[in-house]
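> Have a look at the structure that comes next, please.
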Amino acid sequence: MKYEKNEIVTVTIEDIGSEGEGIGRVEGFTLFVKDAVVGDTVEARIVKNKKTYAYGRLEKVLVPSPFRVEPKCAWHRQCGGCQLQSCSYERQLVFKQDKIRNSLIRIGGFAPEQVDACMEPIVGMEFPFRYRNKAQYPVGTDRDGNVVAGFYAARTHNIIAHTDCWLGPVENEAILNCILEYMRENKVSAYDEKTGTGLVRHILIRKGFASGEIMVCLVINGKRADFKTGSGIAGTDYQFLPAQDELLKKLAAIKGMTSVSVSLNSEQTNVIMGKEIYTLWGKDTISDTIRVRDMAQPGFPLTGKELTFAISPLSFYQVNPVQTEKLYSLALEYAGLTGQETVWDLYCGIGTISLFLAGNAGKVYGVEVIPQAIEDARENAKRNGIENAAFFVGKAEDVLQEIYGGGTEKEQVGDEGMLHPDVIVVDPPRKGCDSACLEVMLKMRPERIVYVSCDPATLARDLKVLCAGGYEMTRARGVDQFGGTVHVESIVLLSKPRIIFLSKAD
């Protein structure tokens, strides 16, 4: 059976797809309906047809699901960032647990009974809102030419003018309104993607939840030579913005404001941040603290151990600090450290996991391809008085191959034990580990591999390779870092299977 485009059909939603869309069936024909909740009976308009399935747009909820809730954000359907906001948080966690499980079975090729034996309950949030410590808002103009900021509508670059996202801290709205008011009063232009003209492209806001410190970085269109020299209220060498001091005074008055900077990006690209950062007021960085939690106890209480990190506009830092403490505490637990082990932390960023592990390890080596991140990692080690961590710049597979092959990095460190680590921790980007990296990991044969992932699909793909190379999945757990969305973090422990020799009598 095939429906016509724009035809209205009635369907009961029986499942949730990987991108949060509702899935229903009408006379054996599968229909995917965005914004529908499992358990809903809805009217949907057919928008795209295929041979055995179709996509529909939610027109009306006829019978609401017991899992349907009133969204906090009026723009959630247009924005598309919070795909699950109409679904109760308890049901969101079920979806995310199933997403990890199904990926391990369908993509990783693991037997369902093996996955069920390894998987532990997902770690959820007490309040799945106001959790993001970082947001990047595009700036543009509306149809009437007014300067606006907000978020891109789903699958477009059309800006939804919205300054109070429920995922970010409440301070973001005041900061955005302050900047927009300044731009309107001083006729500061917004960037136009089509023409490549206009000054302000994006507004980056970061907050240290433990410190309360706030950072604002305006991404502006231009090169350093385009701007005149001059000294402002902070002794800034360049005047990047008209009436720059006026804006700085307004931002400085916001409680918690610690750093205001600009990032220069004159490229016509989707990459948000430029490579050149100039501090206009305050410090170059803000700080935040991550604390160890006892994941074996109810409520996951803090243990008292904590680390402080300096965060720059370009730093990679997990966006949900409360859940990050739980995720990293699980990584520490899964690593099973006794104080003697050699640990490699691949894709280490600014050293957050590396330094988390260092207090319980003999030696920790971190690898990251971004030079600035490694500089930050080394500074963070000094900041926390950690002396048993070393960091290398480069692709994980290249650094490991060089050391494993006896290259200059090995000579620099002079540590034979680093060739045979007890534990390797990986926290790769969404695309997963490079195949060459997986090969070198298998050559190094650590006792345990702790894999932290933000994408269950690439996690399952890489685990398939590692387990084919002799490892066994022994523990797996989801940590919800992104309430209201379809995204979920996962952590998996791989162990070398023990070989048991049986005598003839046995």
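Identifiers in this document derive from the order of the structure tokens: chains are assigned A, B, ..., residues are numbered from 1 separately in each chain, and ligands are numbered from 1 in order of occurrence.
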Each residue of stretch 267-317 of chain A lying at most 12 Å from stretch 132-144 of chain A should get a row with its shortest atom-to-atom pair and the distance in Å to one decimal, counting only C-alpha atoms; could you produce that, ordered by chain and increasing number, as CSV?


residue,atom,partner,partner_atom,distance
A:Asn270,CA,A:Pro138,CA,10.9
A:Val271,CA,A:Gln136,CA,11.5
A:Ile272,CA,A:Gln136,CA,8.3
A:Met273,CA,A:Gln136,CA,9.6
A:Ile286,CA,A:Asn133,CA,11.6
A:Ser287,CA,A:Asn133,CA,11.7
A:Asp288,CA,A:Asn133,CA,10.1
A:Ile311,CA,A:Lys134,CA,10.9
A:Ser312,CA,A:Lys134,CA,11.4
A:Pro313,CA,A:Lys134,CA,9.7
A:Leu314,CA,A:Lys134,CA,11.1
A:Ser315,CA,A:Lys134,CA,10.7
A:Phe316,CA,A:Lys134,CA,10.2
A:Tyr317,CA,A:Lys134,CA,8.8

> If you run DSSP on the backbone, which residues of stretch 189-417 of chain A are alpha helix (DSSP H), as a PyMOL selection string?

chain A and resi 244-252+321-335+352-358+371-383+396-404+408-413

> Need to verify the contact set: stretch 246-255 of chain A, 10 Å, only C-alpha atoms, exclusion of same-chain residues closer than 3 positions in sequence. Can you return it as a list of chain:residue names?

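Those residues are A:Glu171, A:Ala174, A:Ile175, A:Leu176, A:Cys178, A:Ile179, A:Glu181, A:Tyr182, A:Met183, A:Asn186, A:Gly212, A:Glu213, A:Ile214, A:Met215, A:Val216, A:Gly232, A:Ile233, A:Ala234, A:Leu241, A:Pro242, A:Ala243, A:Thr258, A:Ser259, A:Val260, A:Ser261, A:Leu280, A:Trp281, A:Gly282.
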
> Using only C-alpha atoms, which residues sit within 12 Å of A:Lys50 once same-chain residues fewer than 3 positions away are excluded, as a list in words?

Met1, Lys2, Tyr3, Glu4, Lys5, Phe29, Thr30, Leu31, Phe32, Ile46, Val47, Tyr53, Ala54, Tyr55 and Gly56 of chain A

> Which one of A:Asp164, A:Asp192, A:Glu325, A:Asp98 sits closest to A:Val115 if you count only C-alpha atoms?

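Of all the options, A:Asp98 lies closest to A:Val115.
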
> Using only C-alpha atoms, which protein or nucleic acid residues come within 7 Å of stretch 330-336 of chain A? Drop anything in the same chain fewer than 2 positions from it, and give the result as a VMD selection string.

chain A and resid 295 326 to 328 338 357 423 448 450 493

> Per residue of stretch 98-191 of chain A within 12 Å of stretch 459-481 of chain A, what are the shortest atom pair and its distance in Å to one decimal, counting only C-alpha atoms, with rows by chain and residue number, as a tab-separated table?


residue	atom	partner	partner_atom	distance
A:Asp98	CA	A:Gly478	CA	9.9
A:Lys99	CA	A:Gly478	CA	9.7
A:Ile100	CA	A:Gly478	CA	7.3
A:Arg101	CA	A:Ala476	CA	9.4
A:Asn102	CA	A:Ala460	CA	9.4
A:Ser103	CA	A:Ala460	CA	6.0
A:Leu104	CA	A:Ala460	CA	5.0
A:Ile105	CA	A:Ala460	CA	8.1
A:Arg106	CA	A:Ala460	CA	8.5
A:Ile107	CA	A:Ala460	CA	5.8
A:Gly108	CA	A:Ala460	CA	4.4
A:Gly109	CA	A:Lys464	CA	6.9
A:Phe110	CA	A:Lys464	CA	8.0
A:Ala111	CA	A:Met473	CA	11.2
A:Gln114	CA	A:Met473	CA	8.4
A:Val115	CA	A:Ala476	CA	8.1
A:Asp116	CA	A:Ala476	CA	9.4
A:Ala117	CA	A:Thr474	CA	8.3
A:Cys118	CA	A:Arg475	CA	4.6
A:Met119	CA	A:Ala476	CA	4.7
A:Glu120	CA	A:Arg477	CA	5.1
A:Pro121	CA	A:Arg477	CA	6.5
A:Ile122	CA	A:Gly478	CA	4.6
A:Val123	CA	A:Val479	CA	4.7
A:Gly124	CA	A:Asp480	CA	5.3
A:Met125	CA	A:Asp480	CA	7.0
A:Glu126	CA	A:Asp480	CA	10.7
A:Phe127	CA	A:Asp480	CA	11.4
A:Pro128	CA	A:Gln481	CA	8.8
A:Phe129	CA	A:Gln481	CA	10.6
A:Arg130	CA	A:Gln481	CA	11.7
A:Tyr131	CA	A:Gln481	CA	8.5
A:Arg132	CA	A:Gln481	CA	9.0
A:Asn133	CA	A:Gln481	CA	11.5
A:Leu167	CA	A:Gln481	CA	11.1

> Could you save those same residues with C-alpha atoms as a PDB file, in the first residue's frame?


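Resulting contents of selection-v5.pdb:
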ATOM      1  CA  ASP A  98      17.372   0.606  24.065  1.00  0.00           C
ATOM      2  CA  LYS A  99      19.372   2.692  21.571  1.00  0.00           C
ATOM      3  CA  ILE A 100      22.658   1.531  23.099  1.00  0.00           C
ATOM      4  CA  ARG A 101      21.477  -2.078  23.379  1.00  0.00           C
ATOM      5  CA  ASN A 102      20.156  -2.249  19.819  1.00  0.00           C
ATOM      6  CA  SER A 103      23.365  -0.738  18.400  1.00  0.00           C
ATOM      7  CA  LEU A 104      25.491  -3.321  20.186  1.00  0.00           C
ATOM      8  CA  ILE A 105      23.320  -6.137  18.830  1.00  0.00           C
ATOM      9  CA  ARG A 106      22.623  -4.933  15.288  1.00  0.00           C
ATOM     10  CA  ILE A 107      25.891  -3.161  14.478  1.00  0.00           C
ATOM     11  CA  GLY A 108      28.319  -4.781  16.903  1.00  0.00           C
ATOM     12  CA  GLY A 109      27.026  -8.296  16.301  1.00  0.00           C
ATOM     13  CA  PHE A 110      26.849  -9.122  20.022  1.00  0.00           C
ATOM     14  CA  ALA A 111      24.341 -11.716  21.188  1.00  0.00           C
ATOM     15  CA  GLN A 114      25.581 -11.137  26.237  1.00  0.00           C
ATOM     16  CA  VAL A 115      24.540  -7.498  25.986  1.00  0.00           C
ATOM     17  CA  ASP A 116      21.868  -7.950  28.658  1.00  0.00           C
ATOM     18  CA  ALA A 117      24.399  -9.584  30.976  1.00  0.00           C
ATOM     19  CA  CYS A 118      26.802  -6.627  30.582  1.00  0.00           C
ATOM     20  CA  MET A 119      24.447  -3.649  30.552  1.00  0.00           C
ATOM     21  CA  GLU A 120      23.849  -1.713  33.736  1.00  0.00           C
ATOM     22  CA  PRO A 121      20.995   0.789  34.329  1.00  0.00           C
ATOM     23  CA  ILE A 122      21.378   4.113  32.549  1.00  0.00           C
ATOM     24  CA  VAL A 123      22.438   7.058  34.721  1.00  0.00           C
ATOM     25  CA  GLY A 124      19.837   9.821  34.404  1.00  0.00           C
ATOM     26  CA  MET A 125      19.554  13.423  35.651  1.00  0.00           C
ATOM     27  CA  GLU A 126      17.564  14.756  38.552  1.00  0.00           C
ATOM     28  CA  PHE A 127      16.544  17.819  36.506  1.00  0.00           C
ATOM     29  CA  PRO A 128      17.080  17.349  32.752  1.00  0.00           C
ATOM     30  CA  PHE A 129      17.079  21.074  31.949  1.00  0.00           C
ATOM     31  CA  ARG A 130      19.495  24.031  32.326  1.00  0.00           C
ATOM     32  CA  TYR A 131      22.420  21.639  32.123  1.00  0.00           C
ATOM     33  CA  ARG A 132      24.496  22.930  29.188  1.00  0.00           C
ATOM     34  CA  ASN A 133      27.592  24.919  30.143  1.00  0.00           C
ATOM     35  CA  LEU A 167      18.997  23.582  28.047  1.00  0.00           C
TER      36      LEU A 167
END

> Need to verify the contact set: A:Ala381, 9 Å, only C-alpha atoms, exclusion of same-chain residues closer than 5 positions in sequence. Can you return it as an mmCIF file with N, CA, C and O atoms, in the first residue's frame?


data_model
loop_
_atom_site.group_PDB
_atom_site.id
_atom_site.type_symbol
_atom_site.label_atom_id
_atom_site.label_comp_id
_atom_site.auth_asym_id
_atom_site.auth_seq_id
_atom_site.Cartn_x
_atom_site.Cartn_y
_atom_site.Cartn_z
ATOM 1 N N PHE A 309 39.797 22.922 36.272
ATOM 2 C CA PHE A 309 40.261 23.040 34.891
ATOM 3 C C PHE A 309 40.083 24.472 34.397
ATOM 4 O O PHE A 309 39.092 25.137 34.717
ATOM 5 N N GLY A 351 42.672 17.115 28.915
ATOM 6 C CA GLY A 351 43.190 16.260 29.980
ATOM 7 C C GLY A 351 42.218 15.950 31.092
ATOM 8 O O GLY A 351 42.627 15.488 32.162
ATOM 9 N N LEU A 355 43.645 13.383 33.931
ATOM 10 C CA LEU A 355 43.948 13.859 35.274
ATOM 11 C C LEU A 355 43.022 13.239 36.310
ATOM 12 O O LEU A 355 43.385 13.074 37.472
ATOM 13 N N ASP A 376 46.728 23.166 27.173
ATOM 14 C CA ASP A 376 45.775 23.289 28.280
ATOM 15 C C ASP A 376 45.889 22.110 29.239
ATOM 16 O O ASP A 376 45.809 22.273 30.465
ATOM 17 N N ILE A 386 49.574 17.662 39.623
ATOM 18 C CA ILE A 386 49.694 16.281 39.152
ATOM 19 C C ILE A 386 50.988 16.143 38.356
ATOM 20 O O ILE A 386 51.182 16.821 37.339
ATOM 21 N N GLU A 387 51.865 15.255 38.785
ATOM 22 C CA GLU A 387 53.179 15.099 38.163
ATOM 23 C C GLU A 387 53.339 13.782 37.407
ATOM 24 O O GLU A 387 54.349 13.578 36.743
ATOM 25 N N ASN A 388 52.365 12.884 37.511
ATOM 26 C CA ASN A 388 52.489 11.573 36.862
ATOM 27 C C ASN A 388 51.661 11.483 35.581
ATOM 28 O O ASN A 388 51.168 10.416 35.206
ATOM 29 N N ALA A 389 51.492 12.625 34.889
ATOM 30 C CA ALA A 389 50.768 12.641 33.619
ATOM 31 C C ALA A 389 51.609 13.367 32.575
ATOM 32 O O ALA A 389 52.165 14.432 32.849
ATOM 33 N N ALA A 390 51.717 12.781 31.386
ATOM 34 C CA ALA A 390 52.445 13.386 30.271
ATOM 35 C C ALA A 390 51.526 13.412 29.059
ATOM 36 O O ALA A 390 50.674 12.523 28.891
#

> Write out as a VMD selection string each polymer residue whose atoms come within 12 Å of A:Ile159, counting only C-alpha atoms; drop sequence neighbours fewer than 4 positions from it.

chain A and resid 75 78 to 79 137 to 143 146 to 155 163 190 to 193 201 to 202

> May I have all residues of stretch 143-279 of chain A that DSSP, computed from the backbone, assigns to strand (DSSP E or B), given as a PyMOL selection string?

chain A and resi 147-152+159-161+190+192+197+200-207+214-220+228-229+238-239+257-264+276-279
